[in-house]
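Raw contents of query_0.tsv, TSV, C-alpha atoms and all ligand atoms:
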```
chain	number	residue	atom	x	y	z
A	1	MET	CA	-37.57	-112.61	82.85
A	2	THR	CA	-38.86	-111.30	79.55
A	3	THR	CA	-42.54	-111.75	78.72
A	4	ILE	CA	-42.99	-112.51	75.04
A	5	ILE	CA	-46.17	-111.01	73.67
A	6	GLY	CA	-48.22	-111.88	70.60
A	7	VAL	CA	-51.05	-109.57	69.53
A	8	LEU	CA	-54.12	-110.54	67.53
A	9	VAL	CA	-55.73	-107.73	65.54
A	10	SER	CA	-58.28	-107.14	62.80
A	11	GLY	CA	-58.26	-103.40	62.19
A	12	ARG	CA	-56.72	-99.98	62.71
A	13	GLY	CA	-54.60	-100.97	65.72
A	14	SER	CA	-54.73	-97.91	67.95
A	15	ASN	CA	-54.49	-100.14	71.03
A	16	LEU	CA	-51.54	-101.94	69.46
A	17	GLN	CA	-49.93	-98.54	68.89
A	18	SER	CA	-50.46	-97.58	72.51
A	19	ILE	CA	-48.81	-100.81	73.65
A	20	ILE	CA	-45.87	-100.25	71.27
A	21	ASP	CA	-45.52	-96.70	72.63
A	22	HIS	CA	-45.56	-97.92	76.22
A	23	VAL	CA	-42.83	-100.45	75.43
A	24	GLU	CA	-40.72	-97.87	73.63
A	25	SER	CA	-41.11	-95.32	76.43
A	26	GLY	CA	-39.90	-97.89	78.98
A	27	TYR	CA	-43.21	-98.00	80.90
A	28	LEU	CA	-43.45	-101.68	79.96
A	29	LYS	CA	-40.17	-103.34	80.88
A	30	ASN	CA	-38.97	-106.89	80.27
A	31	VAL	CA	-41.43	-107.25	77.44
A	32	LYS	CA	-40.89	-108.28	73.85
A	33	LEU	CA	-43.59	-107.63	71.28
A	34	SER	CA	-42.70	-110.51	68.99
A	35	VAL	CA	-45.54	-110.97	66.57
A	36	VAL	CA	-48.75	-109.32	65.43
A	37	ILE	CA	-51.24	-111.64	63.75
A	38	SER	CA	-54.21	-110.41	61.73
A	39	ASP	CA	-57.15	-112.22	60.18
A	40	VAL	CA	-57.60	-109.24	57.84
A	41	LYS	CA	-55.00	-108.82	55.11
A	42	ASP	CA	-54.95	-105.03	54.89
A	43	ALA	CA	-55.44	-104.27	58.59
A	44	TYR	CA	-53.53	-101.07	59.36
A	45	ALA	CA	-52.36	-102.69	62.58
A	46	LEU	CA	-50.02	-104.91	60.49
A	47	GLU	CA	-48.47	-101.79	59.01
A	48	ARG	CA	-47.97	-100.29	62.46
A	49	ALA	CA	-46.20	-103.49	63.55
A	50	ARG	CA	-43.87	-103.48	60.55
A	51	MET	CA	-42.98	-99.81	61.13
A	52	HIS	CA	-41.73	-100.78	64.58
A	53	GLY	CA	-39.80	-103.88	63.50
A	54	ILE	CA	-42.36	-106.35	64.80
A	55	ASP	CA	-43.14	-109.41	62.69
A	56	ALA	CA	-46.56	-108.96	61.07
A	57	VAL	CA	-48.38	-112.08	59.96
A	58	PHE	CA	-51.65	-112.37	58.04
A	59	ILE	CA	-53.43	-115.65	58.56
A	60	ASP	CA	-56.21	-116.09	56.03
A	61	PRO	CA	-59.29	-117.65	57.64
A	62	GLN	CA	-60.48	-118.72	54.17
A	63	ALA	CA	-57.38	-120.81	53.61
A	64	TYR	CA	-58.39	-123.38	56.21
A	65	GLY	CA	-61.29	-125.78	56.00
A	66	ASN	CA	-62.80	-124.70	59.30
A	67	LYS	CA	-62.35	-122.56	62.39
A	68	MET	CA	-60.28	-125.26	64.11
A	69	GLY	CA	-57.78	-125.42	61.25
A	70	PHE	CA	-57.47	-121.64	61.24
A	71	GLU	CA	-57.01	-121.48	65.00
A	72	ARG	CA	-54.42	-124.29	64.98
A	73	LYS	CA	-52.44	-122.12	62.60
A	74	ILE	CA	-52.73	-119.27	65.11
A	75	ILE	CA	-51.57	-121.54	67.95
A	76	GLY	CA	-48.70	-122.80	65.78
A	77	THR	CA	-47.61	-119.24	65.03
A	78	LEU	CA	-47.81	-118.17	68.67
A	79	ARG	CA	-45.75	-121.24	69.62
A	80	LEU	CA	-43.20	-120.48	66.94
A	81	TYR	CA	-42.55	-117.18	68.68
A	82	ASP	CA	-42.67	-118.73	72.19
A	83	VAL	CA	-45.44	-116.34	73.14
A	84	ASP	CA	-46.26	-116.15	76.88
A	85	LEU	CA	-49.08	-113.58	76.72
A	86	VAL	CA	-51.65	-113.12	73.96
A	87	LEU	CA	-53.39	-109.76	73.54
A	88	LEU	CA	-56.62	-109.30	71.64
A	89	ALA	CA	-56.41	-105.70	70.46
A	90	GLY	CA	-59.41	-105.21	68.24
A	91	TYR	CA	-59.50	-108.85	67.13
A	92	MET	CA	-63.00	-109.28	65.75
A	93	ARG	CA	-63.46	-113.05	66.08
A	94	ILE	CA	-64.46	-115.16	69.04
A	95	LEU	CA	-61.60	-117.45	70.00
A	96	GLY	CA	-62.29	-121.17	70.06
A	97	SER	CA	-61.74	-123.37	73.08
A	98	GLU	CA	-58.47	-124.86	71.86
A	99	VAL	CA	-56.61	-121.54	71.88
A	100	ILE	CA	-58.16	-120.69	75.24
A	101	GLN	CA	-57.09	-124.00	76.75
A	102	VAL	CA	-53.52	-123.58	75.57
A	103	TYR	CA	-53.30	-120.01	76.89
A	104	ARG	CA	-55.69	-120.12	79.86
A	105	ASN	CA	-55.42	-116.86	81.84
A	106	ARG	CA	-52.76	-115.70	79.42
A	107	ILE	CA	-55.09	-114.06	76.87
A	108	MET	CA	-56.27	-110.51	77.53
A	109	ASN	CA	-58.97	-108.62	75.65
A	110	ILE	CA	-59.89	-104.95	75.68
A	111	HIS	CA	-63.62	-104.25	75.45
A	112	PRO	CA	-65.22	-100.80	75.01
A	113	ALA	CA	-67.83	-101.13	77.76
A	114	LEU	CA	-68.06	-101.70	81.49
A	115	LEU	CA	-68.60	-105.46	81.53
A	116	PRO	CA	-70.77	-107.33	82.20
A	117	SER	CA	-72.89	-104.65	80.53
A	118	PHE	CA	-72.91	-104.27	76.76
A	119	LYS	CA	-71.03	-107.34	75.57
A	120	GLY	CA	-70.41	-107.97	71.90
A	121	LEU	CA	-70.23	-105.37	69.17
A	122	HIS	CA	-70.81	-101.61	69.44
A	123	GLY	CA	-70.35	-101.17	73.19
A	124	PRO	CA	-70.54	-97.33	73.07
A	125	LYS	CA	-73.70	-97.43	70.92
A	126	GLN	CA	-75.33	-99.91	73.27
A	127	ALA	CA	-74.46	-97.68	76.23
A	128	LEU	CA	-75.92	-94.59	74.57
A	129	GLU	CA	-79.11	-96.37	73.56
A	130	TYR	CA	-79.58	-97.77	77.05
A	131	GLY	CA	-79.18	-94.33	78.55
A	132	VAL	CA	-76.45	-95.05	81.07
A	133	LYS	CA	-74.70	-92.00	82.52
A	134	VAL	CA	-71.33	-93.67	82.97
A	135	ALA	CA	-69.61	-95.77	80.30
A	136	GLY	CA	-66.09	-97.13	80.00
A	137	CYS	CA	-63.85	-100.01	79.09
A	138	THR	CA	-62.67	-103.31	80.52
A	139	VAL	CA	-59.53	-105.42	80.25
A	140	HIS	CA	-60.29	-109.06	81.00
A	141	PHE	CA	-58.87	-112.51	80.59
A	142	VAL	CA	-60.57	-114.43	77.82
A	143	ASP	CA	-62.60	-117.51	78.59
A	144	GLU	CA	-64.91	-119.64	76.45
A	145	GLY	CA	-67.79	-117.13	76.65
A	146	MET	CA	-68.18	-113.82	74.84
A	147	ASP	CA	-66.61	-110.96	76.84
A	148	SER	CA	-67.23	-112.99	79.98
A	149	GLY	CA	-63.78	-113.76	81.42
A	150	PRO	CA	-62.26	-112.55	84.71
A	151	ILE	CA	-62.02	-108.76	84.86
A	152	ILE	CA	-58.56	-107.26	85.36
A	153	LEU	CA	-59.08	-103.49	85.11
A	154	GLN	CA	-61.88	-101.09	84.24
A	155	SER	CA	-62.04	-97.36	83.66
A	156	CYS	CA	-65.11	-95.19	83.39
A	157	VAL	CA	-66.01	-91.99	81.57
A	158	PRO	CA	-69.09	-89.76	81.77
A	159	VAL	CA	-71.79	-90.00	79.10
A	160	LYS	CA	-72.74	-86.48	78.01
A	161	ASP	CA	-76.17	-85.40	76.80
A	162	ASN	CA	-74.87	-84.44	73.38
A	163	ASP	CA	-72.72	-87.54	72.86
A	164	THR	CA	-72.84	-89.43	69.60
A	165	GLU	CA	-71.52	-92.96	69.24
A	166	ASP	CA	-68.30	-91.48	67.86
A	167	THR	CA	-67.69	-88.93	70.62
A	168	LEU	CA	-68.38	-91.47	73.34
A	169	ALA	CA	-66.23	-94.14	71.64
A	170	ALA	CA	-63.37	-91.62	71.39
A	171	ARG	CA	-63.61	-90.77	75.10
A	172	ILE	CA	-63.60	-94.48	75.96
A	173	LEU	CA	-60.70	-95.20	73.58
A	174	GLU	CA	-58.48	-92.74	75.47
A	175	GLN	CA	-59.01	-94.87	78.57
A	176	GLU	CA	-58.42	-98.11	76.65
A	177	HIS	CA	-55.02	-96.80	75.69
A	178	LYS	CA	-54.20	-96.38	79.39
A	179	ILE	CA	-55.62	-99.47	81.06
A	180	PHE	CA	-54.46	-102.05	78.51
A	181	PRO	CA	-50.77	-101.21	79.08
A	182	GLU	CA	-51.45	-101.01	82.82
A	183	ALA	CA	-52.93	-104.53	82.83
A	184	ILE	CA	-50.00	-105.85	80.78
A	185	LYS	CA	-47.60	-104.28	83.28
A	186	LEU	CA	-49.35	-105.98	86.21
A	187	PHE	CA	-49.20	-109.31	84.36
A	188	THR	CA	-45.54	-109.05	83.42
A	189	GLU	CA	-44.62	-108.09	86.97
A	190	GLY	CA	-46.41	-111.23	88.23
A	191	LYS	CA	-48.90	-109.15	90.19
A	192	LEU	CA	-52.13	-110.75	88.95
A	193	LYS	CA	-53.61	-113.71	90.77
A	194	VAL	CA	-56.66	-115.36	89.25
A	195	ASP	CA	-58.99	-117.10	91.67
A	196	GLY	CA	-61.99	-118.41	89.75
A	197	ARG	CA	-63.41	-115.33	88.10
A	198	ILE	CA	-61.83	-112.94	90.60
A	199	VAL	CA	-58.55	-111.29	89.67
A	200	LEU	CA	-56.58	-110.05	92.66
A	201	ARG	CA	-53.72	-107.63	92.53
A	202	ARG	CA	-50.99	-108.78	94.81
A	203	GLU	CA	-47.70	-107.25	95.78
A	204	LYS	CA	-44.77	-109.50	94.99
B	301	LIG	C1	-61.49	-101.00	70.47
B	301	LIG	O1	-62.62	-100.21	70.69
B	301	LIG	C2	-61.51	-102.17	71.40
B	301	LIG	O2	-62.11	-101.89	72.62
B	301	LIG	C3	-62.34	-103.18	70.65
B	301	LIG	O3	-62.00	-102.99	69.31
B	301	LIG	C4	-61.52	-101.66	69.10
B	301	LIG	C5	-60.16	-101.79	68.51
B	301	LIG	O4	-59.63	-100.56	68.14
B	301	LIG	N1	-62.10	-104.51	71.13
B	301	LIG	P1	-58.13	-100.47	67.68
B	301	LIG	O5	-57.97	-101.40	66.47
B	301	LIG	O6	-57.25	-100.87	68.80
B	301	LIG	O7	-57.93	-99.04	67.29
```
Entire entry expressed as C-alpha cells:
Amino acid sequence: MTTIIGVLVSGRGSNLQSIIDHVESGYLKNVKLSVVISDVKDAYALERARMHGIDAVFIDPQAYGNKMGFERKIIGTLRLYDVDLVLLAGYMRILGSEVIQVYRNRIMNIHPALLPSFKGLHGPKQALEYGVKVAGCTVHFVDEGMDSGPIILQSCVPVKDNDTEDTLAARILEQEHKIFPEAIKLFTEGKLKVDGRIVLRREK
C-alpha cells in the first residue's frame, strides 16, 4: 500500500530535499510525496517541491480570520490529496489541536535537539549555552504540546570546544537528514507502535 505524504514547511527545505532524495533513490518505497504546503510565500522549499514535480501550495495565514480558519484550510488541502502522513520539515508554527486530532500519531516533526532538552527555537544555540557535551536531533510524533510528543528516533553528535551555533547546527542537520527518512521508512512499513508516549519498533 502506498503512503501518501504531505509536508508542511516554512523555509529553505533541506529536510524536504533529503526526503525527496530518499524517495528518488528508492530507499523510501511505496511512498508518494503529494503536496508541500508552506505558510511563507517565498519559502525555497516550495521551489524544491516544484523542481521535483510535487504540488507546492502557499497558504497565507493572513488570509484567514484566525488560526482555526487557517488550519482548516491546511486540513482541507491535506484531505484533498488523501494524505496519510504529515511531515513538519521546518514548519515554524505550532499546530492547533484540530489538525492534531485529525492526524493523531500521523504527524512527525524533526527537532534540532535531544528532546526533552532544548524545546522551541534555536536548539543548537540552547545546547551550546547550556554547555552540554552531546547534542543531536529528534524525530517525534506531534501532540498538543510544544516538541513534547512521543519520540520515534534520536541521533547524537559531539559538541566541540570551538563550536559556534552554525557549526553545531550543521553537524546536527547532517543527522536530521538521516533519521527523518529512517523514521518515515519505519512508519510506512508499519513498524511503529505507539503506546501512550512510548514508540516501539516492532517487526511485522
Ligand atoms: C531544522 O533544523 C529542523 O530541525 C527544524 O527546522 C530546521 C529546518 O531546516 N525543525 P530545513 O528547512 O529543513 O532546511
| message | Here is a test: counting all atoms listed in the file, which residue of A:Arg202, A:Lys160, A:Lys73, A:Arg106 is nearest to Leu128 of chain A? | response |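 Answer, going by the shortest atom-to-atom distance: A:Lys160.
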| In Å to one decimal, how far is atom CA of Glu176 of chain A from atom CA of Thr3 of chain A? | 21.0 Å
| request: For ligand LIG 301 (chain B), list the contacting residues at 8 Å or closer, counting only C-alpha atoms and all ligand atoms, as a list in words. | output: Val9, Ser10, Gly11, Arg12, Gly13, Ser14, Asn15, Leu16, Gln17, Ala45, Leu88, Ala89, Gly90, Tyr91, Met92, Asn109, Ile110, His111, Pro112, Ala113, Cys137, Ala169, Ile172, Leu173 and Glu176 of chain A
| query | Do you have the atom CA of Val139 of chain A-atom CA of Leu114 of chain A distance handy? | reply |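 Result for atom CA of Val139 of chain A versus atom CA of Leu114 of chain A: 9.4 Å, one decimal.
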| When distances are computed from all atoms listed in the file, which of A:Lys41, A:Arg171, A:Lys119, A:Arg104 shows the smallest separation from Asp84 of chain A? |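 Closest to Asp84 of chain A, using all atoms listed in the file: A:Arg104.
Ranking A:Arg48, A:Ile37, A:Val83, A:Ser148 by their shortest atom-to-atom distance to Ser18 of chain A, with only C-alpha atoms included, puts A:Arg48 first.
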| remark: In Å and to one decimal, atom CA of Ile179 of chain A is distant from atom CA of Glu165 of chain A by 20.9 Å
| said: Considering only C-alpha atoms, can you say which of A:Thr77, A:Ser25, A:Asn30, A:Gln101 comes closest to Gly6 of chain A? | reply: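 Closest to Gly6 of chain A, using only C-alpha atoms: A:Thr77.
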| task | Considering only C-alpha atoms, state which residue in the set A:Gln126, A:Ser97, A:Thr2, A:Ser34 is at the smallest distance from Leu80 of chain A. | result | A:Ser34
| said: List as a list in words the protein and nucleic acid residues near Lys32 of chain A, meaning an atom at most 12 Å away when all atoms listed in the file are counted, but skip any in the same chain fewer than 6 places from it. | reply: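 Residues near the query, excluding close chain neighbours: Met1, Thr2, Thr3, Ile4, Ile5, Gly6, Val7, Ile19, Ile20, His22, Val23, Glu24, Gly26, His52, Gly53, Ile54, Asp55, Tyr81, Asp82, Val83, Asp84, Leu85, Val86, Ile184 and Thr188 of chain A.
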